[in-house]
Every structure is written in structure tokens, then in C-alpha cells.
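The file structure32.cif contains mmCIF, C-alpha atoms:
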data_protein
loop_
_atom_site.label_atom_id
_atom_site.label_comp_id
_atom_site.auth_asym_id
_atom_site.auth_seq_id
_atom_site.Cartn_x
_atom_site.Cartn_y
_atom_site.Cartn_z
CA MET G 437 120.99 135.80 83.94
CA SER G 438 119.25 136.86 80.73
CA LYS G 439 115.62 137.92 80.94
CA TRP G 440 114.60 135.23 78.46
CA ASN G 441 115.76 132.45 80.81
CA ASP G 442 112.52 133.01 82.74
CA ALA G 443 110.01 132.06 80.04
CA GLU G 444 107.01 133.57 81.84
CA GLU G 445 108.71 136.90 82.55
CA TRP G 446 110.04 137.04 78.98
CA LYS G 447 106.54 136.41 77.59
CA ARG G 448 105.10 139.25 79.72
CA LEU G 449 107.92 141.59 78.63
CA CYS G 450 107.50 140.71 74.95
CA ASN G 451 103.72 141.07 74.88
CA GLY G 452 104.02 144.49 76.55
CA GLU G 453 102.33 143.52 79.81
CA ALA G 454 105.53 143.95 81.85
CA CYS G 455 107.39 146.28 79.47
CA PRO G 456 108.68 149.18 81.59
CA ILE G 457 108.42 151.57 78.64
CA CYS G 458 104.75 150.74 78.09
CA ARG G 459 103.97 150.46 81.80
CA ASP G 460 105.43 153.93 82.49
CA GLY G 461 103.52 155.55 79.60
CA GLY G 462 106.61 155.85 77.41
CA PRO G 463 110.35 156.26 77.75
CA HIS G 464 112.02 158.79 80.02
CA GLY G 465 113.86 161.82 78.67
CA VAL G 466 111.74 162.36 75.54
CA ILE G 467 112.86 165.45 73.63
CA ALA G 468 111.01 164.90 70.33
CA GLU G 469 108.03 163.05 68.87
CA LEU G 470 108.76 161.81 65.36
CA ARG G 471 106.77 159.85 62.75
CA VAL G 472 106.61 156.55 64.65
CA SER G 473 109.16 157.04 67.41
CA ARG G 474 110.27 159.20 70.29
CA LEU G 475 113.76 160.61 70.64
CA THR G 476 115.25 160.44 74.13
CA THR G 477 118.45 161.62 75.73
CA GLY G 478 119.72 162.38 79.19
CA GLU G 479 122.38 164.48 80.80
CA ASP G 480 123.45 161.51 82.92
CA SER G 481 124.23 159.15 80.00
CA GLY G 482 127.99 159.54 80.48
CA ILE G 483 128.43 159.79 76.69
CA ARG G 484 128.32 163.18 75.01
CA GLY G 485 125.54 163.24 72.41
CA TYR G 486 124.04 159.83 73.28
CA CYS G 487 120.43 159.45 72.16
CA CYS G 488 117.91 156.64 71.92
CA LEU G 489 115.12 156.33 69.38
CA VAL G 490 112.15 154.39 70.83
CA LEU G 491 109.23 153.05 68.81
CA ARG G 492 105.99 154.61 70.10
CA ARG G 493 104.05 151.37 70.16
CA HIS G 494 105.17 148.08 71.61
CA ALA G 495 106.98 145.76 69.20
CA VAL G 496 110.01 143.59 69.83
CA GLU G 497 111.65 143.01 66.46
CA LEU G 498 112.03 145.11 63.33
CA HIS G 499 110.40 142.31 61.33
CA ASP G 500 107.32 142.62 63.58
CA LEU G 501 106.53 145.96 61.93
CA PRO G 502 104.54 146.28 58.74
CA PRO G 503 106.79 147.56 55.90
CA ASP G 504 105.42 151.13 56.00
CA GLU G 505 106.02 151.45 59.75
CA ALA G 506 109.51 149.94 59.44
CA ALA G 507 110.29 152.43 56.67
CA ALA G 508 108.98 155.30 58.82
CA LEU G 509 111.21 154.17 61.69
CA MET G 510 114.20 154.17 59.36
CA ARG G 511 113.25 157.68 58.16
CA ASP G 512 113.15 158.78 61.80
CA LEU G 513 116.56 157.21 62.37
CA HIS G 514 117.89 158.82 59.18
CA ASP G 515 116.79 162.28 60.29
CA VAL G 516 118.02 161.89 63.86
CA SER G 517 121.40 160.59 62.72
CA ALA G 518 121.84 163.50 60.28
CA ALA G 519 120.98 166.01 63.01
CA LEU G 520 123.14 164.29 65.60
CA ALA G 521 126.16 164.10 63.29
CA ARG G 522 125.78 167.79 62.43
CA VAL G 523 125.46 168.92 66.04
CA THR G 524 128.13 166.73 67.63
CA GLY G 525 130.74 166.73 64.88
CA ALA G 526 131.25 163.03 65.63
CA VAL G 527 133.60 161.14 63.33
CA LYS G 528 131.21 158.16 63.36
CA LEU G 529 127.81 157.22 64.77
CA ASN G 530 127.27 153.73 66.16
CA TYR G 531 123.76 152.29 66.08
CA GLU G 532 122.77 149.48 68.42
CA ILE G 533 119.53 147.51 68.56
CA HIS G 534 119.45 144.90 71.30
CA GLY G 535 116.20 144.47 73.23
CA ASN G 536 117.41 141.59 75.35
CA THR G 537 116.91 143.59 78.56
CA ILE G 538 113.89 145.65 77.50
CA PRO G 539 112.23 143.95 74.52
CA HIS G 540 110.64 147.13 73.16
CA LEU G 541 112.11 148.14 69.80
CA HIS G 542 114.64 150.95 70.29
CA VAL G 543 117.89 152.11 68.72
CA HIS G 544 120.82 153.49 70.72
CA LEU G 545 122.88 156.16 68.93
CA TYR G 546 126.44 156.61 70.14
CA PRO G 547 128.51 159.44 68.65
CA ARG G 548 132.17 158.44 68.36
CA TYR G 549 135.02 160.89 68.80
CA PRO G 550 138.81 160.70 68.52
CA ARG G 551 140.23 159.38 71.79
CA ASP G 552 136.81 158.59 73.26
CA PRO G 553 136.74 156.08 76.14
CA PHE G 554 135.88 153.23 73.77
CA GLU G 555 138.52 153.76 71.10
CA ASN G 556 139.44 150.40 69.52
CA ALA G 557 136.85 148.64 71.68
CA PRO G 558 133.10 148.06 71.81
CA ILE G 559 130.96 150.64 73.54
CA ASP G 560 130.34 149.72 77.16
CA PRO G 561 128.20 152.42 78.81
CA SER G 562 128.87 150.94 82.25
CA ARG G 563 132.48 152.16 81.92
CA VAL G 564 131.32 155.80 81.91
CA ARG G 565 128.15 155.58 84.03
CA GLY G 566 128.19 158.35 86.61
CA GLN G 567 130.73 160.43 84.70
CA GLN G 568 129.70 163.88 83.55
CA ALA G 569 129.70 164.24 79.76
CA TYR G 570 128.60 167.87 79.84
CA ALA G 571 129.77 171.00 81.62
CA PRO G 572 127.05 173.06 83.33
CA GLY G 573 124.61 174.38 80.71
CA GLU G 574 126.06 172.31 77.85
CA PHE G 575 123.37 169.63 77.90
CA GLU G 576 120.59 172.17 77.46
CA ALA G 577 122.50 173.76 74.56
CA PHE G 578 123.05 170.31 73.01
CA VAL G 579 119.31 169.51 73.16
CA SER G 580 118.39 172.90 71.71
CA ASP G 581 120.91 172.55 68.87
CA LEU G 582 119.82 168.97 68.19
CA LEU G 583 116.15 169.95 68.00
CA ASP G 584 116.98 172.81 65.62
CA ALA G 585 119.01 170.48 63.38
CA LEU G 586 116.27 167.84 63.57
CA ALA G 587 113.64 170.39 62.51
CA THR G 588 115.79 171.18 59.46
CA ALA G 589 116.20 167.46 58.67
CA LEU G 590 112.45 166.88 58.98
CA THR G 591 111.70 169.84 56.72
CA ASN G 592 114.02 168.42 54.07
CA ASN G 593 112.62 164.89 54.45
CA PRO G 594 108.86 165.12 55.15
#
Step by step, read the file and then write its structure as C-alpha cells.
Amino acid sequence: MSKWNDAEEWKRLCNGEACPICRDGGPHGVIAELRVSRLTTGEDSGIRGYCCLVLRRHAVELHDLPPDEAAALMRDLHDVSAALARVTGAVKLNYEIHGNTIPHLHVHLYPRYPRDPFENAPIDPSRVRGQQAYAPGEFEAFVSDLLDALATALTNNP
């Protein structure tokens, strides 16, 4: 059942009162603070290079943001995607904005690779949940490389 089928719960989620991101003081796995967002990732994502960009403040829809904040979020996404593409060597990045489970504006970034588990199909993270995407020590190296590439992107796009 979708969260919005319970009108009272959906209202509390949308106004931030019951938002788990806001309630917990922010998202888990934050590796960088950007202009208006936080970049998160986790070793247990099951997808090599997966990241999520989460708006710092509570908002549900992109159109809820004033134009300057929306533009800043897109600059954050631009810089993260450039860094992620450089570090992963992905042939494509997929961007997903849903919010139907957690209505707090966030963007999932999924690097795509030849012969990945989702080739010719939509990305379904539940198909790889629990699988290891990284060998021992690789996740830490990925985060370090991503932060270095992101620092370069931010320097070139203040």
C-alpha cells in the first residue's frame, strides 16, 4: 500500500513532522555537504557507485523550491554527476526522483555498466540488495576518489 493512501500519515510525512530524514537529523551515509544538498552513499547499496543527493531542508517537490534553490540543487547534481562519471567510468548515469516512500526531495544516481544486473530493464535495487558491490577496501577508495573528483568539479563550478 502506498504511503499516500493514509491521508494523515502522508500529511505528516509531507510537512516534515514524520519525515525520517528530518526526524533523524539528516540522511545516513553523508560523505559531502554541497550548496543545498548532502551527498550520501553506502557500501551496502548493492550497486557499485550508487549515490543519493538529498536536499538539506525539507521539501517534497522540485517546484516547491524557489528558483535560486532549485538552480543550486541542479548545480549540485551537475557536479556530483560529473565526479561520479569520472570516477566510475560508467557508460551512463540514471537519475531517479521519486519521493513516494520518503517525501523529502532527493535524487538517486545509478551508474550503469555493460552487463550490469539491470541491462535492458529498469533498475530494481531489491534485486541486488545484500549483494556486495565492492571488494574489501574498494568502497573507501571509491569515496576518496569521488570526493577528490567532486572537489575538482566544485572548483571549476563555484
Find the residues near G:Ile457: any atom within 8 Å, counting all atoms listed in the file, skip ones fewer than 5 places away on the same chain, and give them as a list in words. Gly462, Pro463 and His540 of chain G
Result set, the PyMOL selection byres ((chain G and resi 551-557) around 12) on current file, as a PDB file with C-alpha atoms, in the coordinates of the input:
ATOM      1  CA  GLY G 482     127.990 159.540  80.480  1.00  0.00           C
ATOM      2  CA  ILE G 483     128.430 159.790  76.690  1.00  0.00           C
ATOM      3  CA  ARG G 484     128.320 163.180  75.010  1.00  0.00           C
ATOM      4  CA  ALA G 526     131.250 163.030  65.630  1.00  0.00           C
ATOM      5  CA  VAL G 527     133.600 161.140  63.330  1.00  0.00           C
ATOM      6  CA  LYS G 528     131.210 158.160  63.360  1.00  0.00           C
ATOM      7  CA  ASN G 530     127.270 153.730  66.160  1.00  0.00           C
ATOM      8  CA  TYR G 546     126.440 156.610  70.140  1.00  0.00           C
ATOM      9  CA  PRO G 547     128.510 159.440  68.650  1.00  0.00           C
ATOM     10  CA  ARG G 548     132.170 158.440  68.360  1.00  0.00           C
ATOM     11  CA  TYR G 549     135.020 160.890  68.800  1.00  0.00           C
ATOM     12  CA  PRO G 550     138.810 160.700  68.520  1.00  0.00           C
ATOM     13  CA  PRO G 558     133.100 148.060  71.810  1.00  0.00           C
ATOM     14  CA  ILE G 559     130.960 150.640  73.540  1.00  0.00           C
ATOM     15  CA  ASP G 560     130.340 149.720  77.160  1.00  0.00           C
ATOM     16  CA  PRO G 561     128.200 152.420  78.810  1.00  0.00           C
ATOM     17  CA  SER G 562     128.870 150.940  82.250  1.00  0.00           C
ATOM     18  CA  ARG G 563     132.480 152.160  81.920  1.00  0.00           C
ATOM     19  CA  VAL G 564     131.320 155.800  81.910  1.00  0.00           C
ATOM     20  CA  ARG G 565     128.150 155.580  84.030  1.00  0.00           C
ATOM     21  CA  GLN G 567     130.730 160.430  84.700  1.00  0.00           C
ATOM     22  CA  ALA G 569     129.700 164.240  79.760  1.00  0.00           C
TER      23      ALA G 569
END
Shortest interatomic distance to G:Glu574 - which of G:Cys455, G:Gly478, G:Val472, G:Asp442, counting only C-alpha atoms: G:Gly478
Using all atoms of stretch 518-533 of chain G listed in the file and a margin of 3 Å per side, can you give the axis-aligned box centre and edge lengths in Å to one decimal, as lines of an AutoDock Vina configuration file?
center_x = 126.6
center_y = 158.2
center_z = 64.4
size_x = 20.1
size_y = 27.4
size_z = 14.3
What's around G:Ala571 at 12 Å? Count only C-alpha atoms, leave out sequence neighbours fewer than 5 positions away in its own chain, and write the answer as a list in words.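 Residues near the query, excluding close chain neighbours: Glu479, Asp480, Gly482, Arg484, Glu576, Ala577 and Phe578 of chain G.
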Could you list, as a count of residues only, every residue within 12 Å of G:His464, counting only C-alpha atoms and ignoring same-chain residues fewer than 6 positions away? 13
Separation of atom CA of G:Asp581 from atom CA of G:Ala521, in Å and rounded to one decimal: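 If I compute the distance from atom CA of G:Asp581 to atom CA of G:Ala521, I get 11.4 Å.
Separating atom CA of G:Ala519 from atom CA of G:Ala585 is a distance of 4.9 Å.
Computed from the coordinates, the atom CA of G:Ala518 to atom CA of G:Ala589 distance equals 7.1 Å.
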Residues selected by the PyMOL selection byres ((chain G and resi 590) around 12), written as a ChimeraX atom specification: /G:468-471,511-519,582-589,591-594
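Of the listed residues (G:Gly566, G:Gly525, G:Pro572, G:Pro539), G:Pro539 comes nearest to G:Cys450; the distances count all atoms listed in the file.
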Using only C-alpha atoms - which residues lie no farther than 6 Å from the point (122.7, 152.6, 70.4) in the file's frame? Write them as a count of residues only. 6
For each of G:His534, G:Arg459, G:Phe575, G:Leu491, take the minimum atom-to-atom distance to G:Ala506, counting all atoms listed in the file, then give the residue where this is smallest. G:Leu491
Give as a PyMOL selection string the residues that the PyMOL selection byres ((chain G and resi 446) around 12) matches when applied to the coordinates above. chain G and resi 438-445+447-455+496+535-540
I need the chosen residues saved as a tab-separated table (two decimals), in the frame of the given file, with C-alpha atoms.
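After the write, out21.tsv holds the following:
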chain	number	residue	atom	x	y	z
G	438	SER	CA	119.25	136.86	80.73
G	439	LYS	CA	115.62	137.92	80.94
G	440	TRP	CA	114.60	135.23	78.46
G	441	ASN	CA	115.76	132.45	80.81
G	442	ASP	CA	112.52	133.01	82.74
G	443	ALA	CA	110.01	132.06	80.04
G	444	GLU	CA	107.01	133.57	81.84
G	445	GLU	CA	108.71	136.90	82.55
G	447	LYS	CA	106.54	136.41	77.59
G	448	ARG	CA	105.10	139.25	79.72
G	449	LEU	CA	107.92	141.59	78.63
G	450	CYS	CA	107.50	140.71	74.95
G	451	ASN	CA	103.72	141.07	74.88
G	452	GLY	CA	104.02	144.49	76.55
G	453	GLU	CA	102.33	143.52	79.81
G	454	ALA	CA	105.53	143.95	81.85
G	455	CYS	CA	107.39	146.28	79.47
G	496	VAL	CA	110.01	143.59	69.83
G	535	GLY	CA	116.20	144.47	73.23
G	536	ASN	CA	117.41	141.59	75.35
G	537	THR	CA	116.91	143.59	78.56
G	538	ILE	CA	113.89	145.65	77.50
G	539	PRO	CA	112.23	143.95	74.52
G	540	HIS	CA	110.64	147.13	73.16
How would stretch 495-528 of chain G read, as an mmCIF file, in the coordinates of the input, once N, CA and C atoms are built in?
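The result, written out as selection-v3.cif:
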data_model
loop_
_atom_site.group_PDB
_atom_site.id
_atom_site.type_symbol
_atom_site.label_atom_id
_atom_site.label_comp_id
_atom_site.auth_asym_id
_atom_site.auth_seq_id
_atom_site.Cartn_x
_atom_site.Cartn_y
_atom_site.Cartn_z
ATOM 1 N N ALA G 495 106.585 146.808 70.136
ATOM 2 C CA ALA G 495 106.980 145.760 69.200
ATOM 3 C C ALA G 495 108.372 145.341 69.640
ATOM 4 N N VAL G 496 108.729 144.105 69.368
ATOM 5 C CA VAL G 496 110.010 143.590 69.830
ATOM 6 C C VAL G 496 111.059 143.607 68.726
ATOM 7 N N GLU G 497 110.689 143.161 67.549
ATOM 8 C CA GLU G 497 111.650 143.010 66.460
ATOM 9 C C GLU G 497 111.283 143.913 65.286
ATOM 10 N N LEU G 498 112.269 144.308 64.525
ATOM 11 C CA LEU G 498 112.030 145.110 63.330
ATOM 12 C C LEU G 498 111.095 144.384 62.376
ATOM 13 N N HIS G 499 111.256 143.066 62.243
ATOM 14 C CA HIS G 499 110.400 142.310 61.330
ATOM 15 C C HIS G 499 108.969 142.166 61.838
ATOM 16 N N ASP G 500 108.697 142.602 63.069
ATOM 17 C CA ASP G 500 107.320 142.620 63.580
ATOM 18 C C ASP G 500 106.521 143.787 63.021
ATOM 19 N N LEU G 501 107.202 144.760 62.442
ATOM 20 C CA LEU G 501 106.530 145.960 61.930
ATOM 21 C C LEU G 501 106.080 145.733 60.501
ATOM 22 N N PRO G 502 104.910 146.287 60.151
ATOM 23 C CA PRO G 502 104.540 146.280 58.740
ATOM 24 C C PRO G 502 105.554 147.132 57.962
ATOM 25 N N PRO G 503 105.755 146.853 56.670
ATOM 26 C CA PRO G 503 106.790 147.560 55.900
ATOM 27 C C PRO G 503 106.717 149.078 55.979
ATOM 28 N N ASP G 504 105.504 149.658 55.963
ATOM 29 C CA ASP G 504 105.420 151.130 56.000
ATOM 30 C C ASP G 504 105.869 151.682 57.350
ATOM 31 N N GLU G 505 105.582 150.983 58.426
ATOM 32 C CA GLU G 505 106.020 151.450 59.750
ATOM 33 C C GLU G 505 107.532 151.269 59.906
ATOM 34 N N ALA G 506 108.060 150.167 59.403
ATOM 35 C CA ALA G 506 109.510 149.940 59.440
ATOM 36 C C ALA G 506 110.229 151.027 58.649
ATOM 37 N N ALA G 507 109.683 151.374 57.494
ATOM 38 C CA ALA G 507 110.290 152.430 56.670
ATOM 39 C C ALA G 507 110.220 153.776 57.396
ATOM 40 N N ALA G 508 109.109 154.049 58.068
ATOM 41 C CA ALA G 508 108.980 155.300 58.820
ATOM 42 C C ALA G 508 109.981 155.347 59.975
ATOM 43 N N LEU G 509 110.209 154.211 60.620
ATOM 44 C CA LEU G 509 111.210 154.170 61.690
ATOM 45 C C LEU G 509 112.602 154.457 61.120
ATOM 46 N N MET G 510 112.893 153.908 59.982
ATOM 47 C CA MET G 510 114.200 154.170 59.360
ATOM 48 C C MET G 510 114.322 155.623 58.922
ATOM 49 N N ARG G 511 113.210 156.242 58.483
ATOM 50 C CA ARG G 511 113.250 157.680 58.160
ATOM 51 C C ARG G 511 113.519 158.496 59.421
ATOM 52 N N ASP G 512 112.878 158.105 60.532
ATOM 53 C CA ASP G 512 113.150 158.780 61.800
ATOM 54 C C ASP G 512 114.624 158.657 62.162
ATOM 55 N N LEU G 513 115.156 157.455 62.044
ATOM 56 C CA LEU G 513 116.560 157.210 62.370
ATOM 57 C C LEU G 513 117.477 158.009 61.437
ATOM 58 N N HIS G 514 117.130 158.048 60.169
ATOM 59 C CA HIS G 514 117.890 158.820 59.180
ATOM 60 C C HIS G 514 117.974 160.289 59.601
ATOM 61 N N ASP G 515 116.826 160.863 59.947
ATOM 62 C CA ASP G 515 116.790 162.280 60.290
ATOM 63 C C ASP G 515 117.520 162.572 61.599
ATOM 64 N N VAL G 516 117.331 161.704 62.585
ATOM 65 C CA VAL G 516 118.020 161.890 63.860
ATOM 66 C C VAL G 516 119.530 161.765 63.663
ATOM 67 N N SER G 517 119.963 160.773 62.899
ATOM 68 C CA SER G 517 121.400 160.590 62.720
ATOM 69 C C SER G 517 122.021 161.781 61.980
ATOM 70 N N ALA G 518 121.323 162.322 60.994
ATOM 71 C CA ALA G 518 121.840 163.500 60.280
ATOM 72 C C ALA G 518 121.969 164.684 61.239
ATOM 73 N N ALA G 519 120.940 164.898 62.057
ATOM 74 C CA ALA G 519 120.980 166.010 63.010
ATOM 75 C C ALA G 519 122.057 165.797 64.060
ATOM 76 N N LEU G 520 122.164 164.587 64.564
ATOM 77 C CA LEU G 520 123.140 164.290 65.600
ATOM 78 C C LEU G 520 124.570 164.448 65.081
ATOM 79 N N ALA G 521 124.823 163.962 63.885
ATOM 80 C CA ALA G 521 126.160 164.100 63.290
ATOM 81 C C ALA G 521 126.511 165.577 63.121
ATOM 82 N N ARG G 522 125.543 166.354 62.662
ATOM 83 C CA ARG G 522 125.780 167.790 62.430
ATOM 84 C C ARG G 522 126.090 168.513 63.737
ATOM 85 N N VAL G 523 125.330 168.204 64.775
ATOM 86 C CA VAL G 523 125.460 168.920 66.040
ATOM 87 C C VAL G 523 126.701 168.498 66.825
ATOM 88 N N THR G 524 127.017 167.216 66.805
ATOM 89 C CA THR G 524 128.130 166.730 67.630
ATOM 90 C C THR G 524 129.478 166.808 66.930
ATOM 91 N N GLY G 525 129.482 166.794 65.593
ATOM 92 C CA GLY G 525 130.740 166.730 64.880
ATOM 93 C C GLY G 525 131.436 165.387 65.043
ATOM 94 N N ALA G 526 130.687 164.367 65.424
ATOM 95 C CA ALA G 526 131.250 163.030 65.630
ATOM 96 C C ALA G 526 131.897 162.521 64.344
ATOM 97 N N VAL G 527 132.951 161.724 64.495
ATOM 98 C CA VAL G 527 133.600 161.140 63.330
ATOM 99 C C VAL G 527 132.843 159.914 62.844
ATOM 100 N N LYS G 528 131.993 159.346 63.698
ATOM 101 C CA LYS G 528 131.210 158.160 63.360
ATOM 102 C C LYS G 528 130.051 158.071 64.332
#
